[in-house]
Amino acid sequence: MSVVQSQELEAQLQSIHQEAQASLAQAETLDQLEQLRVKYLGKKGPIPQVLGGMGKLDPSDRPKIGALANEIKEAIQADIERRRVDLEAAQIQAQLESETIDVTMPGIFRPQGRVHPLNAMMDRVIDIFVGMGYTVADGPEMESDYYNFEALNFPPDHPARDMQDTLFLPDGNLLRTHTSSVQIRYMENNEPPVRIIIPGRCYRRDAVDSTHTAVFHQIEFLAIDEGLTFTDLKGTLKVLLEQLFGEVPIRLRPSFFPFTEPSVEVDLQWKGRWLEIMGCGMVDPNVLKAVGYDPEVYTGFAGGMGVERLAQVLHQLDDIRRLYSSDLRFLNQF
Ligand code: DAH
């Protein structure tokens with residue numbers, strides 16, 4: 001009687017094992033595997049159920065059945081572990097395959113913007129002056145006669161006013177014809193010493209041609225201190241022009257501006273030709289008086305250059321209007 005019962009339990013345990021093995025072989029995912037683990041090895045699983053029937057067994061048979069149950073439990077456990085390793089490896093493999101980069105595929109062209117040659121030119125000049133201790137200042141493009149002319153020592157009927165064909169506004173203001181107006185605005189609000197650089201847009205009633213536009217850019221520089229002389233101006237020009245153009249011959253020609261005395265025009269020999277690139281000079285005592293600086297104590301120098309002009313010289317442009325044409329075939333060369 002007890003022999004039959006013990007064989008029956010043995011057979012039950014063996015069939016649980018077989019069933020478990022078959023199901024495990026079919027588990028496709030780690031989730032399914034976990035469900036099977038709970039099903040076969042959990043507290044409510046089939047093995048504890050079989051063991052529950054041991055009470056009917058002859059006590060001498062119980063250890064054998066108990067040992068067999070443990071063996072099968074461990075075997076199922078081991079099968080699950082093996083399957084888990086396989087499934088994990090398969091998962092990693094699948095992930096690697098889905099993430100492979102096909103280096104033979106054509107690339108994606110992403111057009112890159114770049115700095116406009118005019119801005120690049122301004123940045124270069126600003127960097128050089130900043131390297132000499134200057135800071136950047138700016139002012140309004142709509143100006144009054146006072147800042148654009150009067151405080152800069154242009155008398156009301158001085159012929160110098162005719163040098164600048166000015167765009168006047170209906171209210172009596174004007175579009176600044178040069179960045180020199182910012183010299184006055186800055187000095188009115190700051191005590192010497194002064195070392196400033198003023199980049200900005202200017203306007204003139206010029207007929208537009210290959211070397212003139214009605215809207216253009218200037219960079220102005222101004223230094224005021226005790227004891228500044230013309231040699232300081234020359235030294236500053238040398239540093240600026242050497243860094244921009246390299247070691248090229250430079251020539252200073254006497255000139256005239258109402259706001260500087262003496263005044264000079266700076267020429268530079270470039271590709272075999274003398275090219276005029278800026279005006280500069282020692283700040284006229286009348287300008288210092290206009291802003292309340294004592295010309296007996298302070299002296300200084302100033303200068304202004306056209307940015308389009310510099311770019312034209314440096315890049316040998318045939319026509320400065322190209323700088324405003326937004327033609328990418330032109331702009332992409334810089
Ligand atoms: N403002 C002059 C112009 O537009 C350029 C210039 C000349 C500026 C001499 C200066 C200077 O500061 O000292 O042509």
# chains A, B, ... in the order shown; residues from 1 in each chain; ligands from 1
>>> residues_near_ligand(ligand="ligand 1", cutoff="9 Å", atoms="only C-alpha atoms and all ligand atoms", output="PyMOL selection string")
chain A and resi 163-164+177-181+183+202+218-222+256-261+263-265+278-284+301-306
>>> residues_around(residues="region 249-254 of chain A", least_positions_apart="5", cutoff="12 Å", atoms="only C-alpha atoms", output="mmCIF file with N, CA, C and O atoms, in the first residue's frame")
data_model
loop_
_atom_site.group_PDB
_atom_site.id
_atom_site.type_symbol
_atom_site.label_atom_id
_atom_site.label_comp_id
_atom_site.auth_asym_id
_atom_site.auth_seq_id
_atom_site.Cartn_x
_atom_site.Cartn_y
_atom_site.Cartn_z
ATOM 1 N N PHE A 230 52.254 112.969 -29.785
ATOM 2 C CA PHE A 230 52.069 112.401 -31.114
ATOM 3 C C PHE A 230 52.778 111.046 -31.261
ATOM 4 O O PHE A 230 52.343 110.189 -32.015
ATOM 5 N N LEU A 233 50.508 108.308 -30.380
ATOM 6 C CA LEU A 233 49.602 107.993 -31.487
ATOM 7 C C LEU A 233 50.293 107.100 -32.517
ATOM 8 O O LEU A 233 49.751 106.084 -32.946
ATOM 9 N N LYS A 234 51.539 107.477 -32.850
ATOM 10 C CA LYS A 234 52.271 106.682 -33.853
ATOM 11 C C LYS A 234 52.505 105.250 -33.362
ATOM 12 O O LYS A 234 52.371 104.286 -34.129
ATOM 13 N N GLY A 235 52.837 105.118 -32.090
ATOM 14 C CA GLY A 235 53.062 103.777 -31.527
ATOM 15 C C GLY A 235 51.793 102.940 -31.579
ATOM 16 O O GLY A 235 51.831 101.743 -31.903
ATOM 17 N N LEU A 237 49.280 103.346 -33.709
ATOM 18 C CA LEU A 237 49.024 102.999 -35.110
ATOM 19 C C LEU A 237 49.882 101.813 -35.542
ATOM 20 O O LEU A 237 49.425 100.919 -36.249
ATOM 21 N N LYS A 238 51.142 101.838 -35.092
ATOM 22 C CA LYS A 238 52.073 100.777 -35.474
ATOM 23 C C LYS A 238 51.568 99.422 -34.978
ATOM 24 O O LYS A 238 51.533 98.443 -35.730
ATOM 25 N N VAL A 239 51.164 99.385 -33.704
ATOM 26 C CA VAL A 239 50.658 98.126 -33.136
ATOM 27 C C VAL A 239 49.420 97.665 -33.914
ATOM 28 O O VAL A 239 49.310 96.506 -34.329
ATOM 29 N N LEU A 240 48.491 98.599 -34.132
ATOM 30 C CA LEU A 240 47.248 98.247 -34.816
ATOM 31 C C LEU A 240 47.512 97.703 -36.223
ATOM 32 O O LEU A 240 47.052 96.625 -36.590
ATOM 33 N N LEU A 241 48.293 98.467 -37.004
ATOM 34 C CA LEU A 241 48.460 98.113 -38.414
ATOM 35 C C LEU A 241 49.330 96.877 -38.582
ATOM 36 O O LEU A 241 49.088 96.058 -39.474
ATOM 37 N N GLU A 242 50.310 96.699 -37.704
ATOM 38 C CA GLU A 242 51.135 95.490 -37.802
ATOM 39 C C GLU A 242 50.303 94.250 -37.517
ATOM 40 O O GLU A 242 50.459 93.220 -38.151
ATOM 41 N N THR A 260 40.943 117.733 -34.520
ATOM 42 C CA THR A 260 42.315 117.350 -34.183
ATOM 43 C C THR A 260 43.288 118.397 -34.710
ATOM 44 O O THR A 260 43.061 119.030 -35.738
ATOM 45 N N GLU A 261 44.378 118.559 -34.000
ATOM 46 C CA GLU A 261 45.435 119.487 -34.427
ATOM 47 C C GLU A 261 46.740 119.081 -33.770
ATOM 48 O O GLU A 261 46.819 119.124 -32.546
ATOM 49 N N PRO A 262 47.744 118.628 -34.501
ATOM 50 C CA PRO A 262 47.726 118.399 -35.945
ATOM 51 C C PRO A 262 46.888 117.175 -36.318
ATOM 52 O O PRO A 262 46.613 116.319 -35.492
ATOM 53 N N SER A 263 46.536 117.117 -37.604
ATOM 54 C CA SER A 263 45.765 115.999 -38.133
ATOM 55 C C SER A 263 46.565 115.303 -39.213
ATOM 56 O O SER A 263 47.333 115.954 -39.928
ATOM 57 N N VAL A 264 46.383 114.008 -39.309
ATOM 58 C CA VAL A 264 47.051 113.276 -40.397
ATOM 59 C C VAL A 264 46.105 112.251 -41.010
ATOM 60 O O VAL A 264 45.127 111.828 -40.397
ATOM 61 N N GLU A 265 46.468 111.876 -42.210
ATOM 62 C CA GLU A 265 45.789 110.798 -42.928
ATOM 63 C C GLU A 265 46.807 109.647 -42.942
ATOM 64 O O GLU A 265 47.991 109.887 -43.153
ATOM 65 N N VAL A 266 46.375 108.447 -42.686
ATOM 66 C CA VAL A 266 47.301 107.307 -42.657
ATOM 67 C C VAL A 266 47.136 106.499 -43.936
ATOM 68 O O VAL A 266 46.033 106.100 -44.298
ATOM 69 N N ASP A 267 48.252 106.298 -44.628
ATOM 70 C CA ASP A 267 48.260 105.457 -45.829
ATOM 71 C C ASP A 267 49.086 104.204 -45.533
ATOM 72 O O ASP A 267 49.997 104.226 -44.700
ATOM 73 N N LEU A 268 48.800 103.199 -46.301
ATOM 74 C CA LEU A 268 49.485 101.933 -46.093
ATOM 75 C C LEU A 268 49.792 101.348 -47.462
ATOM 76 O O LEU A 268 48.963 101.466 -48.374
ATOM 77 N N GLN A 269 51.019 100.798 -47.592
ATOM 78 C CA GLN A 269 51.345 100.215 -48.893
ATOM 79 C C GLN A 269 50.942 98.752 -48.886
ATOM 80 O O GLN A 269 51.394 97.957 -48.067
ATOM 81 N N TRP A 270 50.069 98.429 -49.808
ATOM 82 C CA TRP A 270 49.455 97.095 -49.791
ATOM 83 C C TRP A 270 49.329 96.637 -51.221
ATOM 84 O O TRP A 270 48.756 97.328 -52.050
ATOM 85 N N LYS A 271 49.916 95.500 -51.522
ATOM 86 C CA LYS A 271 49.907 94.955 -52.885
ATOM 87 C C LYS A 271 50.383 96.013 -53.884
ATOM 88 O O LYS A 271 49.756 96.244 -54.931
ATOM 89 N N GLY A 272 51.455 96.734 -53.505
ATOM 90 C CA GLY A 272 52.074 97.668 -54.442
ATOM 91 C C GLY A 272 51.429 99.037 -54.555
ATOM 92 O O GLY A 272 51.886 99.870 -55.334
ATOM 93 N N ARG A 273 50.344 99.284 -53.812
ATOM 94 C CA ARG A 273 49.691 100.592 -53.938
ATOM 95 C C ARG A 273 49.576 101.261 -52.574
ATOM 96 O O ARG A 273 49.462 100.593 -51.554
ATOM 97 N N TRP A 274 49.611 102.607 -52.571
ATOM 98 C CA TRP A 274 49.380 103.334 -51.326
ATOM 99 C C TRP A 274 47.878 103.509 -51.138
ATOM 100 O O TRP A 274 47.197 104.020 -52.020
ATOM 101 N N LEU A 275 47.357 103.065 -50.007
ATOM 102 C CA LEU A 275 45.924 103.154 -49.757
ATOM 103 C C LEU A 275 45.661 103.928 -48.472
ATOM 104 O O LEU A 275 46.310 103.703 -47.453
ATOM 105 N N GLU A 276 44.711 104.859 -48.578
ATOM 106 C CA GLU A 276 44.367 105.663 -47.411
ATOM 107 C C GLU A 276 43.422 104.857 -46.533
ATOM 108 O O GLU A 276 42.431 104.330 -47.026
ATOM 109 N N ILE A 277 43.749 104.729 -45.233
ATOM 110 C CA ILE A 277 42.856 103.897 -44.425
ATOM 111 C C ILE A 277 42.258 104.587 -43.201
ATOM 112 O O ILE A 277 41.301 104.087 -42.637
ATOM 113 N N MET A 278 42.810 105.713 -42.771
ATOM 114 C CA MET A 278 42.138 106.387 -41.655
ATOM 115 C C MET A 278 42.642 107.808 -41.463
ATOM 116 O O MET A 278 43.678 108.202 -41.994
ATOM 117 N N GLY A 279 41.831 108.561 -40.693
ATOM 118 C CA GLY A 279 42.260 109.882 -40.279
ATOM 119 C C GLY A 279 42.489 109.875 -38.785
ATOM 120 O O GLY A 279 41.829 109.140 -38.056
ATOM 121 N N CYS A 280 43.448 110.685 -38.340
ATOM 122 C CA CYS A 280 43.673 110.734 -36.894
ATOM 123 C C CYS A 280 44.456 111.998 -36.546
ATOM 124 O O CYS A 280 44.822 112.793 -37.427
ATOM 125 N N GLY A 281 44.707 112.205 -35.275
ATOM 126 C CA GLY A 281 45.469 113.388 -34.882
ATOM 127 C C GLY A 281 45.421 113.590 -33.380
ATOM 128 O O GLY A 281 44.886 112.755 -32.646
#
>>> atom_distance(atom1="CA of Val136 (chain A)", atom2="CA of Ile197 (chain A)")
4.9 Å
>>> atom_distance(atom1="CA of Asp165 (chain A)", atom2="CA of Asp206 (chain A)")
6.8 Å
>>> residues_around(residues="Phe216 (chain A)", least_positions_apart="6", cutoff="12 Å", atoms="only C-alpha atoms", output="ChimeraX atom specification")
/A:118,141,175-179,199-206,208,305-311,320-321,323-324
>>> residues_around(residues="Leu169 (chain A)", least_positions_apart="6", cutoff="10 Å", atoms="only C-alpha atoms", output="ChimeraX atom specification")
/A:142-144,175
>>> write_last_selection(atoms="N, CA and C atoms", output="mmCIF file, in the first residue's frame")
data_model
loop_
_atom_site.group_PDB
_atom_site.id
_atom_site.type_symbol
_atom_site.label_atom_id
_atom_site.label_comp_id
_atom_site.auth_asym_id
_atom_site.auth_seq_id
_atom_site.Cartn_x
_atom_site.Cartn_y
_atom_site.Cartn_z
ATOM 1 N N MET A 142 21.128 108.427 -34.127
ATOM 2 C CA MET A 142 20.477 109.706 -34.390
ATOM 3 C C MET A 142 21.122 110.722 -33.451
ATOM 4 N N GLU A 143 21.668 111.773 -34.010
ATOM 5 C CA GLU A 143 22.445 112.728 -33.215
ATOM 6 C C GLU A 143 21.908 114.146 -33.378
ATOM 7 N N SER A 144 22.357 114.996 -32.467
ATOM 8 C CA SER A 144 22.071 116.422 -32.636
ATOM 9 C C SER A 144 23.282 117.070 -33.305
ATOM 10 N N LEU A 175 21.406 112.001 -38.861
ATOM 11 C CA LEU A 175 22.006 110.673 -38.696
ATOM 12 C C LEU A 175 23.501 110.904 -38.613
#
>>> residues_around(residues="Thr135 (chain A)", least_positions_apart="6", cutoff="8 Å", atoms="only C-alpha atoms", output="ChimeraX atom specification")
/A:129,195-197
>>> atom_distance(atom1="CA of Leu41 (chain A)", atom2="CA of Glu88 (chain A)")
20.7 Å
